[in-house]
Each structure stands twice: as C-alpha cells, then as structure tokens.
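A.B. asks: Here it is, the structure in full.
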Amino acid sequence: EKEELKKYINKKTITKDGESFKVFANIANHKDVEFVLENDAEGVGLFRTEFIYMDRNSLPEEDEQFKIYKKVLESMQNKPVIIRTLDIGGDKEVNYLNLPKEMNPFMGYRAIRICLDRKDIFKTQLRALLRASIYGKLEIMFPMISSVEELFEAKKILEEVKNELKDEQIKFSEDIKVGMMIEVPSAAILSDIFAKHVDFFSIGTNDLIQYFTAVDRTNDKVQSLYDPYNPAIIRILNTIISNAHKNNISVGMCGELASDPSFTRLLCGFGLNEFSVNPASVLKTRKNICESNNSENIKLAKDILNYESSDPIQRLLS
Ligand code: PEP
Ligand code: MG
C-alpha cells in the first residue's frame with residue numbers, strides 16, 4: 001500500500017471532476033518537518049507550539065523561539081505554515097508556571113485565556129513569530145477563542161507588537177494571515193460573525209466534539225459518547241464551513257477528524273478547503289480525495305444532513 005501511495009507525491013489534490021482541495025500536515029516540533037516534506041504536504045496546517053514550552057524549567061526566550069519558527073518556515077520553502085499560539089492548560093501542563101490545580105482544566109485557565117492574562121508570555125511569542133515571518137509564509141492562529149472580545153484583544157496585542165517592532169526598525173512580513181481555531185461551541189455558533197474578522201478558520205474537532213457533546217476527550221469511561229457521527233457534530237461542521245464561505249474566507253480542519261477516511265468525502269462535500277492531518281496520513285487523504293467525484297460528495301453531504309441519529313450516519317460513511 002505504501003508504494004501505491006507514493007504515486008500521490010507531487011500530485012495535486014483534485015477530485016475526478018476537477019474540484020481542488022489542500023492537504024496540510026500537523027506538527028509538534030521542527031523535527032517533524034522532515035516527515036511533512038517526505039509526505040508532500042502542501043503546507044503546515046497546525047504547528048502546536050506548546051511543546052516548545054513543555055518539559056523544561058523556565059519559559060523559552062524570544063530568540064530561542066525565533067530560531068525554531070525560522071527553521072520551520074525556511075524548511076517549508078514558502079509553503080504556508082500555520083503556527084498556533086500557545087495552547088497550554090487542559091491536558092498540557094507546564095510545571096514552572098505554577099498554575100493552581102483546577103476541577104475542570106479543559107474549561108479553565110487555558111490557551112488564549114492564559115495569553116491574554118499573561119501578556120508578557122504572549123508578546124514574547126508574537127515577537128518571535130513576527131521576526132521569523134520574513135523567512136517564509138507564516139500564518140498566525142489563535143486557539144480556544146470563545147468570544148469576539150477575546151479575538152479583538154488578541155488582534156490588538158498583535159498590532160501592538162507590530163508597532164513595537166516598527167519602532168525598533170525590526171523587519172517582519174506585511175501580509176501575515178491571522179486566523180482562529182473553531183473549537184469552542186460559542187465560536188462555532190457565532191462563526192458567521194467571527195468570519196468577518198479573521199482571514200481563515202481551522203476547525204479543532206478534538207475539542208469541538210468534547211465541548212459540543214459534554215464528553216471529556218481523555219476519559220475512557222465515556223469514550224463511546226465521544227462520537228463524531230453525532231448529527232449535532234455533522235450539522236455544526238456544515239454550519240462553520242458555510243459561514244466561512246459566505247464571508248469568503250477559507251476553512252481548514254486540524255483536529256483528528258481530518259485524518260479519518262470515513263469523513264473525507266463528506267468534508268469535501270461540505271466544501272472544507274484544507275485538511276491538516278498527521279504527516280503519515282497526507283498521501284492517503286490525498287488519494288481518497290483524488291478518487292472521489294465532488295458532485296457525489298456534495299450529494300452525500302446534502303443527504304447526511306437529514307439523518308436523525310448517529311448509527312445510520314456511521315454506517316453510511318464507513
Ligand atoms: C483540536 O482541539 O482539535 C486541536 C487540533 O487542538 P488540540 O488537539 O491541540 O487541543
Ligand atoms: Mg484544541
């Protein structure tokens with residue numbers, strides 16, 4: 001099968017009837033870029049930067065971060081690289097920050113919430129990102145946005161950092177796209193509004209499914225309820241993608257669902273522009289897209305919205 005997949009290296013991701021999609025890859029550190037290139041991903045759809053902050057004793061300084069971002073951007077040879085700002089908290093602990101234990105860490109002090117509170121940490125990362133931006137095609141993405149105010153505040157801080165760099169005559173790219181993860185129900189419901197204020201969405205299904213269905217993604221006891229075939233999930237995915245398109249922004253998916261072959265055609269039918277998958281799944285995802293007809297994908301997508309329960313949806317997609 002591996003040999004068979006190799007045929008899809010250097011191929012476009014395009015359906016039999018000519019509809020184009022993009023297959024990007026997720027990375028956790030700069031070493032992963034090798035696998036991204038080996039598997040011919042068209043970009044990086046999610047760089048989880050929190051790993052730069054973990055397994056150490058103090059915060060990473062600006063220069064250390066700058067070097068990592070620069071390396072990733074250079075290695076990707078001008079393909080888009082979506083770098084997500086810090087997403088710690090939840091299941092990702094950073095001991096040296098001495099954050100108090102919480103009853104509900106996934107709903108607590110996490111990700112953008114920490115960054116808007118600890119502007120020092122956030123600004124250091126944004127400075128490093130902006131400085132690295134001249135070495136490739138950087139796009140910046142904010143995680144866990146749950147209100148318009150948070151997005152505005154994050155964008156305001158980004159502008160502040162840009163102005164500071166300008167004053168210091170430090171160069172950065174003038175056309176960095178700014179996007180957000182859609183992974184909290186309130187952001188999904190307001191995606192028509194959010195779409196007016198960002199350049200792109202990326203759907204984080206790992207969290208979106210957990211928050212939408214109130215099922216802890218790490219609790220084995222309730223794993224059967226962690227169900228992407230739940231019609232509520234199917235509907236909200238369609239809503240998010242349509243709202244992005246109504247506002248002429250592109251929409252990707254960087255949660256695990258993007259790598260699930262039973263969802264590929266449905267997501268094409270909904271019009272998802274970009275699939276960001278683990279590097280090992282890039283060619284398989286491209287193959288599945290290339291072997292499909294988008295007119296059939298669209299029909300599947302329309303049909304599926306009429307289903308009332310999970311089992312028949314799962315049967316149809318698997
Ligand atoms: C997600 O929630 O789907 C996502 C991609 O982010 P993470 O898994 O890092 O929370
Ligand atoms: Mg998430």
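Residue numbering restarts at 1 for every chain of the structure tokens, chains are lettered A, B, ... in their displayed order, and ligands are numbered from 1 as they appear.
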Going by DSSP on the backbone, which bits of region 32-144 of chain A are alpha helix (DSSP H)? Write them as a PyMOL selection string, please.
C.D. replies: chain A and resi 33-38+50-53+62-75+112-117+119-132
A.B. asks: Do you have, as JSON lines, the list of residues of region 12-87 of chain A lying at most 12 Å from region 181-199 of chain A, each with its nearest atom pair and that distance in Å to one decimal, counting only C-alpha atoms and ordered by chain then number?
C.D. replies:
```
{"residue": "A:Gly45", "atom": "CA", "partner": "A:Met181", "partner_atom": "CA", "distance": 11.0}
{"residue": "A:Leu46", "atom": "CA", "partner": "A:Met181", "partner_atom": "CA", "distance": 9.9}
{"residue": "A:Ile82", "atom": "CA", "partner": "A:Met181", "partner_atom": "CA", "distance": 10.9}
{"residue": "A:Ile83", "atom": "CA", "partner": "A:Met181", "partner_atom": "CA", "distance": 11.2}
{"residue": "A:Arg84", "atom": "CA", "partner": "A:Met181", "partner_atom": "CA", "distance": 8.7}
{"residue": "A:Thr85", "atom": "CA", "partner": "A:Met181", "partner_atom": "CA", "distance": 10.5}
{"residue": "A:Asp87", "atom": "CA", "partner": "A:Met181", "partner_atom": "CA", "distance": 11.0}
```
A.B. asks: Taking C-alpha atoms for each residue, export the selection above as a PDB file, in the first residue's frame.
C.D. replies:
```pdb
ATOM      1  CA  GLY A  45      -1.940  23.405   8.993  1.00  0.00           C
ATOM      2  CA  LEU A  46      -1.095  23.333  12.679  1.00  0.00           C
ATOM      3  CA  ILE A  82       0.040  27.992  10.260  1.00  0.00           C
ATOM      4  CA  ILE A  83       1.591  28.485  13.665  1.00  0.00           C
ATOM      5  CA  ARG A  84      -0.793  28.336  16.590  1.00  0.00           C
ATOM      6  CA  THR A  85      -0.034  30.496  19.588  1.00  0.00           C
ATOM      7  CA  ASP A  87      -2.243  26.322  23.935  1.00  0.00           C
TER       8      ASP A  87
END
```
A.B. asks: Using only C-alpha atoms, pick whichever of A:Asn78, A:Ser133, A:Ser147, A:Ser20 has the shortest atom-to-atom distance to Val44 (chain A).
C.D. replies: A:Asn78
A.B. asks: Counting only C-alpha atoms and all ligand atoms, what are the residues, protein, DNA or RNA alike, that approach ligand 1 to within 8 Å? I want them as a ChimeraX atom specification.
C.D. replies: /A:46,48,87,143,181,183,203-208,253-256
A.B. asks: One number please: CA of Ile298 (chain A) to CA of Pro261 (chain A), in Å, one decimal.
C.D. replies: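 About the pair CA of Ile298 (chain A) and CA of Pro261 (chain A): they are 16.3 Å apart.
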A.B. asks: Which distance in Å separates CA of Asp120 (chain A) and CA of Ala154 (chain A), to one decimal?
C.D. replies: 12.8 Å
A.B. asks: Using only C-alpha atoms, find the one residue out of A:Asp91, A:Ser58, A:Ile140, A:Phe47 that sits nearest to Gly108 (chain A).
C.D. replies: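 Under the stated criterion, the closest residue is A:Asp91.
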A.B. asks: Of the candidates A:Lys137, A:Lys299, A:Arg217, A:Lys166, which one gets nearest to ligand 2 if we count only C-alpha atoms and all ligand atoms?
C.D. replies: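 Ranking A:Lys137, A:Lys299, A:Arg217, A:Lys166 by distance to ligand 2, first place goes to A:Arg217.
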A.B. asks: Point out the residue among A:Leu165, A:Met180, A:Leu97, A:Ala41 with the least atom-to-atom distance to ligand 2, counting only C-alpha atoms and all ligand atoms.
C.D. replies: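 Between A:Leu165, A:Met180, A:Leu97, A:Ala41, the residue approaching ligand 2 most closely is A:Met180.
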A.B. asks: Between A:Gln223, A:Asn163, A:Ser309, A:Gln210, which one has atoms that come closest to ligand 2, using only C-alpha atoms and all ligand atoms?
C.D. replies: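 Among the listed residues, A:Gln210 lies closest to ligand 2.
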